[in-house]
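Engineer: Just entry-v1.cif, nothing more (mmCIF, C-alpha atoms):
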```cif
data_structure
#
loop_
_atom_site.label_atom_id
_atom_site.label_comp_id
_atom_site.auth_asym_id
_atom_site.auth_seq_id
_atom_site.Cartn_x
_atom_site.Cartn_y
_atom_site.Cartn_z
CA MET A 1030 -24.02 -20.76 -12.54
CA GLY A 1031 -25.52 -21.19 -15.98
CA LYS A 1032 -24.42 -19.83 -19.27
CA LYS A 1033 -25.61 -16.37 -18.32
CA CYS A 1034 -23.11 -16.07 -15.49
CA LEU A 1035 -20.23 -16.04 -17.92
CA ASP A 1036 -21.85 -13.16 -19.77
CA TYR A 1037 -21.69 -11.00 -16.67
CA VAL A 1038 -18.36 -11.94 -15.19
CA ASN A 1039 -16.40 -9.18 -16.92
CA ASP A 1040 -18.74 -6.56 -15.48
CA LEU A 1041 -18.70 -7.81 -11.90
CA ASN A 1042 -16.31 -5.18 -10.53
CA ASP A 1043 -18.14 -2.35 -12.28
CA TYR A 1044 -21.44 -3.71 -10.98
CA ILE A 1045 -20.18 -4.01 -7.40
CA ASP A 1046 -18.46 -0.63 -7.52
CA GLY A 1047 -21.59 1.00 -8.93
CA GLN A 1048 -19.92 2.06 -12.14
CA ILE A 1049 -22.22 0.52 -14.67
CA ASP A 1050 -25.09 1.83 -16.78
CA SER A 1051 -28.53 1.34 -15.31
CA ASP A 1052 -29.80 -1.16 -17.91
CA LEU A 1053 -26.96 -3.57 -17.32
CA TYR A 1054 -27.21 -2.98 -13.57
CA GLN A 1055 -30.86 -4.02 -13.65
CA GLU A 1056 -30.06 -7.02 -15.83
CA ILE A 1057 -27.45 -8.24 -13.35
CA GLU A 1058 -29.80 -7.62 -10.43
CA ASN A 1059 -32.39 -9.81 -12.14
CA HIS A 1060 -29.82 -12.49 -12.77
CA LEU A 1061 -28.71 -12.43 -9.13
CA LYS A 1062 -32.27 -13.05 -7.99
CA GLN A 1063 -32.20 -16.35 -9.80
CA CYS A 1064 -28.60 -17.44 -9.33
CA GLU A 1065 -27.34 -18.35 -5.87
CA ASN A 1066 -23.74 -18.88 -6.95
CA CYS A 1067 -23.53 -15.45 -8.55
CA ARG A 1068 -25.01 -13.98 -5.38
CA ILE A 1069 -22.33 -15.69 -3.36
CA MET A 1070 -19.71 -14.53 -5.84
CA VAL A 1071 -20.83 -10.89 -5.57
CA ASP A 1072 -21.11 -11.01 -1.79
CA THR A 1073 -17.70 -12.62 -1.25
CA LEU A 1074 -16.05 -10.31 -3.80
CA LYS A 1075 -17.37 -7.37 -1.79
CA LYS A 1076 -16.05 -8.89 1.42
CA THR A 1077 -12.71 -9.59 -0.25
CA VAL A 1078 -12.11 -5.88 -0.77
CA SER A 1079 -13.41 -4.85 2.63
CA LEU A 1080 -11.19 -7.43 4.36
CA CYS A 1081 -8.16 -6.25 2.39
CA ARG A 1082 -8.93 -2.64 3.28
CA GLU A 1083 -8.78 -3.32 6.99
CA ASN A 1084 -5.02 -3.71 6.77
CA LYS A 1085 -4.71 -0.44 4.96
CA GLU A 1086 -2.80 2.10 6.95
CA LEU A 1087 0.79 1.38 7.86
CA LYS A 1088 2.94 4.03 9.38
CA LEU A 1089 6.61 4.44 8.59
CA PRO A 1090 8.44 3.49 11.83
CA SER A 1091 9.92 6.54 13.54
CA LEU A 1092 13.48 5.24 13.26
CA LEU A 1093 13.08 4.97 9.51
CA GLU A 1094 11.42 8.34 9.43
CA LYS A 1095 14.51 9.95 10.87
CA LYS A 1096 16.78 8.07 8.49
CA LEU A 1097 14.61 9.07 5.54
CA ASN A 1098 14.70 12.73 6.56
CA ASP A 1099 18.50 12.66 6.82
CA VAL A 1100 19.01 10.94 3.47
CA VAL A 1101 16.54 13.22 1.72
CA LYS A 1102 18.13 16.33 3.19
CA LYS A 1103 21.60 15.27 2.11
CA HIS A 1104 20.43 14.48 -1.41
CA TRP A 1105 18.56 17.78 -1.62
CA GLN A 1106 21.58 19.77 -0.53
CA LYS A 1107 23.71 17.99 -3.09
CA LYS A 1108 21.32 19.00 -5.83
CA PHE A 1109 20.29 22.51 -4.84
CA GLU A 1110 23.03 23.83 -2.66
CA GLU A 1111 26.24 22.74 -4.32
CA MET B 528 -0.78 25.45 1.10
CA ASN B 529 -2.06 23.09 -1.56
CA GLU B 530 -0.05 20.41 -3.33
CA ARG B 531 0.37 22.36 -6.55
CA GLU B 532 1.83 25.31 -4.68
CA LEU B 533 4.13 23.04 -2.66
CA VAL B 534 5.39 21.42 -5.86
CA LYS B 535 6.01 24.83 -7.40
CA ARG B 536 8.02 25.92 -4.39
CA ALA B 537 9.92 22.65 -4.20
CA LYS B 538 10.87 23.01 -7.87
CA ALA B 539 12.30 26.40 -7.03
CA GLY B 540 14.47 24.83 -4.34
CA ASP B 541 12.31 25.34 -1.23
CA PHE B 542 13.30 22.46 1.04
CA ASN B 543 10.52 23.10 3.56
CA ALA B 544 7.93 22.74 0.84
CA PHE B 545 9.55 19.51 -0.27
CA THR B 546 9.64 18.19 3.30
CA THR B 547 5.89 18.82 3.55
CA LEU B 548 5.37 16.80 0.36
CA VAL B 549 7.49 13.97 1.79
CA ASN B 550 5.59 13.99 5.08
CA ASP B 551 2.22 14.06 3.34
CA ASN B 552 3.06 11.01 1.25
CA LYS B 553 5.63 8.84 3.02
CA ASN B 554 3.16 6.58 4.86
CA ARG B 555 1.14 5.97 1.70
CA ILE B 556 4.24 4.96 -0.22
CA TYR B 557 5.49 2.83 2.66
CA SER B 558 2.12 1.04 2.96
CA LEU B 559 2.02 0.36 -0.76
CA ALA B 560 5.64 -0.81 -0.79
CA ILE B 561 5.14 -3.19 2.12
CA LYS B 562 2.10 -4.70 0.45
CA MET B 563 3.93 -4.97 -2.85
CA THR B 564 7.09 -6.57 -1.49
CA GLY B 565 5.79 -8.31 1.61
CA ASN B 566 8.62 -7.07 3.77
CA ALA B 567 9.57 -3.97 5.71
CA GLU B 568 13.21 -3.84 4.67
CA ASP B 569 12.46 -3.70 0.95
CA ALA B 570 9.69 -1.21 1.63
CA GLU B 571 12.15 1.04 3.43
CA ASP B 572 14.48 0.96 0.42
CA ILE B 573 11.62 1.72 -1.94
CA VAL B 574 10.44 4.71 0.09
CA GLN B 575 13.94 6.13 0.26
CA GLU B 576 14.74 5.54 -3.42
CA THR B 577 11.40 7.00 -4.45
CA PHE B 578 12.00 10.31 -2.72
CA LEU B 579 15.59 10.49 -3.97
CA ARG B 580 14.34 9.96 -7.55
CA VAL B 581 11.75 12.67 -6.92
CA ILE B 582 14.51 15.09 -5.96
CA ASP B 583 16.49 14.14 -9.07
CA ASN B 584 13.54 14.62 -11.38
CA ILE B 585 11.33 17.24 -9.81
CA ASP B 586 12.31 19.89 -12.34
CA ARG B 587 11.19 17.53 -15.09
CA PHE B 588 7.80 16.85 -13.46
CA ARG B 589 5.40 18.59 -15.83
CA GLU B 590 2.33 18.40 -13.59
CA GLU B 591 0.22 16.67 -16.20
CA SER B 592 -0.78 14.28 -13.45
CA SER B 593 -1.10 14.95 -9.74
CA PHE B 594 2.03 14.77 -7.60
CA GLY B 595 0.57 11.67 -5.91
CA THR B 596 0.11 9.86 -9.23
CA TRP B 597 3.66 10.70 -10.25
CA LEU B 598 4.93 9.50 -6.90
CA TYR B 599 3.10 6.17 -7.23
CA SER B 600 4.64 5.64 -10.69
CA ILE B 601 8.13 6.23 -9.33
CA ALA B 602 7.52 3.94 -6.35
CA LEU B 603 6.19 1.22 -8.63
CA ASN B 604 9.22 1.50 -10.88
CA GLN B 605 11.43 1.05 -7.85
CA THR B 606 9.36 -1.95 -6.78
CA ARG B 607 9.48 -3.54 -10.22
CA ALA B 608 13.25 -3.11 -10.36
CA LEU B 609 13.61 -4.70 -6.94
CA LEU B 610 11.34 -7.62 -7.77
CA ALA B 611 12.57 -8.05 -11.35
CA LYS B 612 14.45 -11.20 -10.46
CA GLN B 613 11.40 -12.89 -8.98
CA LYS B 614 9.69 -15.34 -11.25
CA GLN B 615 6.21 -14.05 -12.11
CA THR B 616 3.44 -16.52 -12.73
CA ASP B 617 0.20 -15.58 -14.43
CA LEU B 618 -3.35 -15.78 -13.08
CA LYS B 619 -6.05 -17.88 -14.68
CA PRO B 620 -8.40 -16.34 -17.25
CA ILE B 621 -11.43 -14.64 -15.67
CA GLU B 622 -13.96 -17.31 -16.64
CA GLU B 623 -12.01 -20.00 -14.84
CA TYR B 624 -12.84 -18.43 -11.52
CA LEU B 625 -16.45 -19.46 -12.01
CA PRO B 626 -17.52 -22.89 -10.84
CA THR B 627 -17.36 -25.49 -13.56
CA GLN B 628 -20.41 -27.64 -13.62
CA THR B 629 -22.58 -29.56 -15.97
CA ALA B 630 -26.30 -29.06 -16.48
CA GLU B 631 -27.04 -31.96 -14.10
CA ASN B 632 -25.49 -30.37 -11.07
CA LEU B 633 -26.40 -26.82 -11.95
CA HIS B 634 -28.36 -26.48 -8.75
CA GLU B 635 -25.87 -28.38 -6.66
CA LYS B 636 -25.23 -26.25 -3.61
CA SER B 637 -21.83 -27.39 -2.48
CA ILE B 638 -19.37 -26.31 -5.11
CA PRO B 639 -15.86 -25.87 -3.70
CA GLY B 640 -15.21 -22.23 -2.84
CA PHE B 641 -18.87 -21.29 -3.21
CA PHE B 642 -20.33 -20.71 0.18
CA GLU B 643 -21.29 -17.52 1.94
CA TRP B 644 -18.70 -16.07 4.25
CA LYS B 645 -20.49 -14.98 7.34
CA ASP B 646 -18.24 -12.84 9.45
CA PRO B 647 -14.64 -14.05 9.23
CA HIS B 648 -13.85 -11.91 12.28
CA LYS B 649 -16.07 -14.15 14.36
CA GLU B 650 -14.31 -17.28 13.19
CA LEU B 651 -10.72 -16.12 13.16
CA GLU B 652 -8.43 -14.20 15.47
CA ASP B 653 -7.80 -10.74 14.00
CA GLU B 654 -4.05 -11.33 13.87
CA GLU B 655 -4.52 -14.61 12.05
CA LEU B 656 -6.97 -13.08 9.61
CA LYS B 657 -4.57 -10.21 8.96
CA LYS B 658 -1.76 -12.67 8.20
CA ILE B 659 -3.95 -14.67 5.83
CA ILE B 660 -4.97 -11.53 3.93
CA ASP B 661 -1.42 -10.17 3.70
CA LYS B 662 -0.14 -13.53 2.48
CA THR B 663 -2.90 -13.82 -0.09
CA ILE B 664 -2.26 -10.35 -1.53
CA ASP B 665 1.45 -11.00 -1.45
CA SER B 666 1.09 -14.19 -3.47
CA LEU B 667 -0.37 -12.34 -6.47
CA PRO B 668 1.84 -11.78 -9.51
CA LEU B 669 3.22 -8.24 -9.53
CA LYS B 670 1.15 -6.81 -12.37
CA TYR B 671 -2.10 -7.88 -10.73
CA LYS B 672 -1.03 -6.91 -7.25
CA GLU B 673 -0.14 -3.34 -8.23
CA ALA B 674 -3.42 -2.85 -10.09
CA PHE B 675 -5.47 -4.25 -7.21
CA LEU B 676 -3.68 -2.25 -4.51
CA LEU B 677 -3.92 1.04 -6.38
CA ARG B 678 -7.60 0.52 -7.19
CA TYR B 679 -8.92 -0.87 -3.94
CA ILE B 680 -6.45 -0.05 -1.21
CA GLU B 681 -5.31 3.36 -2.42
CA GLU B 682 -8.82 3.81 -3.81
CA LEU B 683 -7.77 5.49 -7.04
CA PRO B 684 -10.15 5.73 -10.00
CA ILE B 685 -9.51 3.10 -12.67
CA LYS B 686 -8.31 5.72 -15.18
CA GLU B 687 -5.67 6.92 -12.79
CA VAL B 688 -4.53 3.37 -12.05
CA ALA B 689 -4.23 2.80 -15.80
CA LYS B 690 -2.08 5.90 -16.11
CA ILE B 691 0.21 4.85 -13.26
CA ILE B 692 0.76 1.31 -14.49
CA ASN B 693 0.89 2.53 -18.09
CA GLU B 694 -1.79 0.24 -19.45
CA SER B 695 -5.09 0.77 -21.24
CA VAL B 696 -8.21 1.17 -19.11
CA ALA B 697 -9.57 -2.14 -20.47
CA SER B 698 -6.45 -4.06 -19.55
CA THR B 699 -6.29 -2.38 -16.14
CA LYS B 700 -9.91 -3.34 -15.46
CA SER B 701 -9.18 -6.91 -16.38
CA ARG B 702 -6.13 -7.08 -14.10
CA VAL B 703 -8.06 -5.60 -11.18
CA LEU B 704 -10.90 -8.08 -11.65
CA ARG B 705 -8.60 -11.08 -11.99
CA ALA B 706 -6.75 -10.03 -8.86
CA ARG B 707 -10.01 -9.66 -6.96
CA LEU B 708 -11.26 -13.04 -8.15
CA ALA B 709 -7.94 -14.68 -7.29
CA ILE B 710 -7.87 -13.22 -3.77
CA ARG B 711 -11.50 -14.23 -3.24
CA GLU B 712 -10.77 -17.76 -4.34
CA GLN B 713 -7.69 -18.01 -2.16
CA LEU B 714 -9.47 -16.68 0.93
CA SER B 715 -12.37 -18.99 0.30
CA LYS B 716 -10.01 -21.98 0.20
CA VAL B 717 -8.34 -20.96 3.44
CA PHE B 718 -11.65 -20.34 5.23
CA GLU B 719 -13.02 -23.64 4.01
CA GLU B 720 -9.93 -25.61 4.98
CA ARG B 721 -9.54 -24.15 8.42
CA TYR B 722 -13.03 -23.71 9.63
CA GLY B 723 -15.17 -25.92 7.52
CA LYS B 724 -18.06 -24.93 5.34
CA LYS B 725 -20.57 -24.90 8.16
CA MET B 726 -19.10 -21.85 9.78
CA PHE B 727 -19.37 -19.83 6.63
CA ARG B 728 -22.71 -21.01 5.36
CA LEU B 729 -25.76 -18.93 6.02
CA ARG B 730 -28.08 -21.87 6.06
#
```
How does this structure look as structure tokens?

Structural biologist:
Amino acid sequence: MGKKCLDYVNDLNDYIDGQIDSDLYQEIENHLKQCENCRIMVDTLKKTVSLCRENKELKLPSLLEKKLNDVVKKHWQKKFEE
Amino acid sequence: MNERELVKRAKAGDFNAFTTLVNDNKNRIYSLAIKMTGNAEDAEDIVQETFLRVIDNIDRFREESSFGTWLYSIALNQTRALLAKQKQTDLKPIEEYLPTQTAENLHEKSIPGFFEWKDPHKELEDEELKKIIDKTIDSLPLKYKEAFLLRYIEELPIKEVAKIINESVASTKSRVLRARLAIREQLSKVFEERYGKKMFRLR
């Protein structure tokens, strides 16, 4: 990575997430064509998020669900029904 | 019935409407809490406390943000309170995640942490990979972890994340990027250590 890489680092997320104006997008694209390390950086940053997303959905265990419902109901009654 | 209507009814004391709101959101809050704290017991407490605080404050909820955004803020406050005693380190400045090199080795290929990851699923058992990822996210300092999770796991727009964590958009963006760079670096180290560069190089 040369000096130019540092100039783009703050915009990497916006670039990867497609939330960047088209001039800067093109500029980064051009830079990536010449810079292997930045290409690796962009590619592995993308994979970082997709790997993290795989663990996304966790379900509240049913035992806890029941406990939560009971506690919530009690608290609700205390507030609205007393 | 949409969320706004459910909130309106819940405010008026309709328990069924409130139960629907709880059911629609409990898994999201539980997932976030588990990722924030790294353990199921704390996550259970956070979920419970969050909904109890919602009951206490629902009449004061002014609907300037969505119910979900409000819920995330409450859950994060609970999490912060729970983790307040933990020592929080800081992450490195953004530019330090780039490889340091002099002009002479500018085209050097093997810089630590800079190799292509092919498909980690091919190299690692899914369970092992899952553990590595959870541990890596868990090791982030709180303020980076919450920004990263809200932005990329809950998939909220950056402006909404900023609102929830009560920071400017610029500072939120910086936290999210530093978190992403830190996780990338950590994963890269683990992959390199365990499976050697060869397995993750394209060439």

Engineer: Suppose you want the space between CA of Cys1034 in chain A and CA of Gln1055 in chain A; what is it in Å?

Structural biologist: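 Between these atoms lies a distance of 14.4 Å.
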
Engineer: Pick out the closest residue to Lys1076 in chain A from this set: B:Val688, B:Ile680, B:Trp644, B:Tyr722. Count all atoms listed in the file.

Structural biologist: B:Trp644

Engineer: I'd like the contact shell of Thr547 in chain B - 12 Å cut-off, only C-alpha atoms, skipping same-chain residues fewer than 2 positions apart - returned as a list in words.

Structural biologist: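 Skipping anything fewer than 2 positions along the chain leaves Asn1098 of chain A; Met528, Asn529, Glu530, Glu532, Leu533, Val534, Arg536, Ala537, Asp541, Phe542, Asn543, Ala544, Phe545, Val549, Asn550, Asp551, Asn552 and Lys553 of chain B.
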
Engineer: Report the closest atom pair, with its distance in Å rounded to one decimal, for each residue of chain A that has an atom no farther than 7 Å from chain B; count only C-alpha atoms, sort by chain and then rising residue number, and write it as a Markdown table.

Structural biologist:
```
| residue | atom | partner | partner_atom | distance |
| --- | --- | --- | --- | --- |
| A:Met1030 | CA | B:Leu633 | CA | 6.5 |
| A:Gly1031 | CA | B:Leu633 | CA | 7.0 |
| A:Leu1035 | CA | B:Glu622 | CA | 6.5 |
| A:Asn1042 | CA | B:Leu704 | CA | 6.2 |
| A:Asn1066 | CA | B:Phe641 | CA | 6.6 |
| A:Ile1069 | CA | B:Glu643 | CA | 5.7 |
| A:Thr1073 | CA | B:Trp644 | CA | 6.6 |
| A:Leu1074 | CA | B:Arg711 | CA | 6.0 |
| A:Thr1077 | CA | B:Arg711 | CA | 5.7 |
| A:Val1078 | CA | B:Tyr679 | CA | 6.7 |
| A:Cys1081 | CA | B:Ile660 | CA | 6.4 |
| A:Arg1082 | CA | B:Ile680 | CA | 5.7 |
| A:Asn1084 | CA | B:Lys657 | CA | 6.9 |
| A:Lys1085 | CA | B:Ile680 | CA | 6.4 |
| A:Glu1086 | CA | B:Ser558 | CA | 6.4 |
| A:Leu1087 | CA | B:Ser558 | CA | 5.1 |
| A:Lys1088 | CA | B:Asn554 | CA | 5.2 |
| A:Leu1089 | CA | B:Asn554 | CA | 5.5 |
| A:Leu1097 | CA | B:Gln575 | CA | 6.1 |
| A:Val1101 | CA | B:Leu579 | CA | 6.4 |
| A:His1104 | CA | B:Leu579 | CA | 6.8 |
| A:Trp1105 | CA | B:Ile582 | CA | 6.5 |
| A:Phe1109 | CA | B:Gly540 | CA | 6.3 |
```

Engineer: What is the CA of Glu652 in chain B-CA of Met1070 in chain A distance in Å, reported with one decimal?

Structural biologist: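 Interatomic distance, CA of Glu652 in chain B to CA of Met1070 in chain A: 24.1 Å.
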
Engineer: Give, as AutoDock Vina command-line options, the centre coordinates and the x, y and z edge lengths in Å to one decimal for an axis-aligned box around all listed atoms of range 663-671 of chain B, padded by 5 Å on each side.

Structural biologist:
```
--center_x 0.2 --center_y -10.5 --center_z -6.2 --size_x 16.1 --size_y 17.4 --size_z 22.3
```

Engineer: Could you work out how far CA of Glu1083 in chain A lies from CA of Glu655 in chain B, giving the answer in Å with one decimal?

Structural biologist: 13.1 Å

Engineer: What lies within 9 Å of Ala689 in chain B using only C-alpha atoms, ignoring chain neighbours under 5 positions off, as a list in words?

Structural biologist: Ala674, Pro684, Glu694, Ser695, Val696, Ala697, Ser698, Thr699 and Lys700 of chain B

Engineer: Using only C-alpha atoms, pick whichever of A:Val1100, A:Lys1075, A:Pro1090, A:Cys1067 has the shortest atom-to-atom distance to Gly1047 in chain A.

Structural biologist: A:Lys1075

Engineer: So what does the PyMOL selection byres ((chain B and resi 591-594) around 8) actually pick up in this one, as an NGL selection string?

Structural biologist: :B and (530-531 or 534 or 589-590 or 595-598)

Engineer: Keeping C-alpha atoms, write range 1082-1101 of chain A of the structure just shown out as a tab-separated table (two decimals), in the first residue's frame.

Structural biologist:
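This is the output file decode-v1.tsv:
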```
chain	number	residue	atom	x	y	z
A	1082	ARG	CA	-23.68	-12.29	9.71
A	1083	GLU	CA	-23.85	-16.06	9.54
A	1084	ASN	CA	-24.17	-16.22	13.31
A	1085	LYS	CA	-26.98	-13.74	13.25
A	1086	GLU	CA	-30.21	-15.22	14.44
A	1087	LEU	CA	-30.43	-16.54	17.97
A	1088	LYS	CA	-33.71	-17.57	19.43
A	1089	LEU	CA	-34.65	-16.98	23.04
A	1090	PRO	CA	-34.79	-20.48	24.61
A	1091	SER	CA	-38.37	-21.54	25.32
A	1092	LEU	CA	-37.77	-21.84	29.06
A	1093	LEU	CA	-36.64	-18.23	29.16
A	1094	GLU	CA	-39.52	-17.25	26.96
A	1095	LYS	CA	-41.98	-18.51	29.52
A	1096	LYS	CA	-40.11	-16.80	32.35
A	1097	LEU	CA	-40.02	-13.55	30.40
A	1098	ASN	CA	-43.75	-13.70	29.73
A	1099	ASP	CA	-44.49	-14.25	33.42
A	1100	VAL	CA	-42.24	-11.44	34.62
A	1101	VAL	CA	-43.56	-9.03	32.01
```
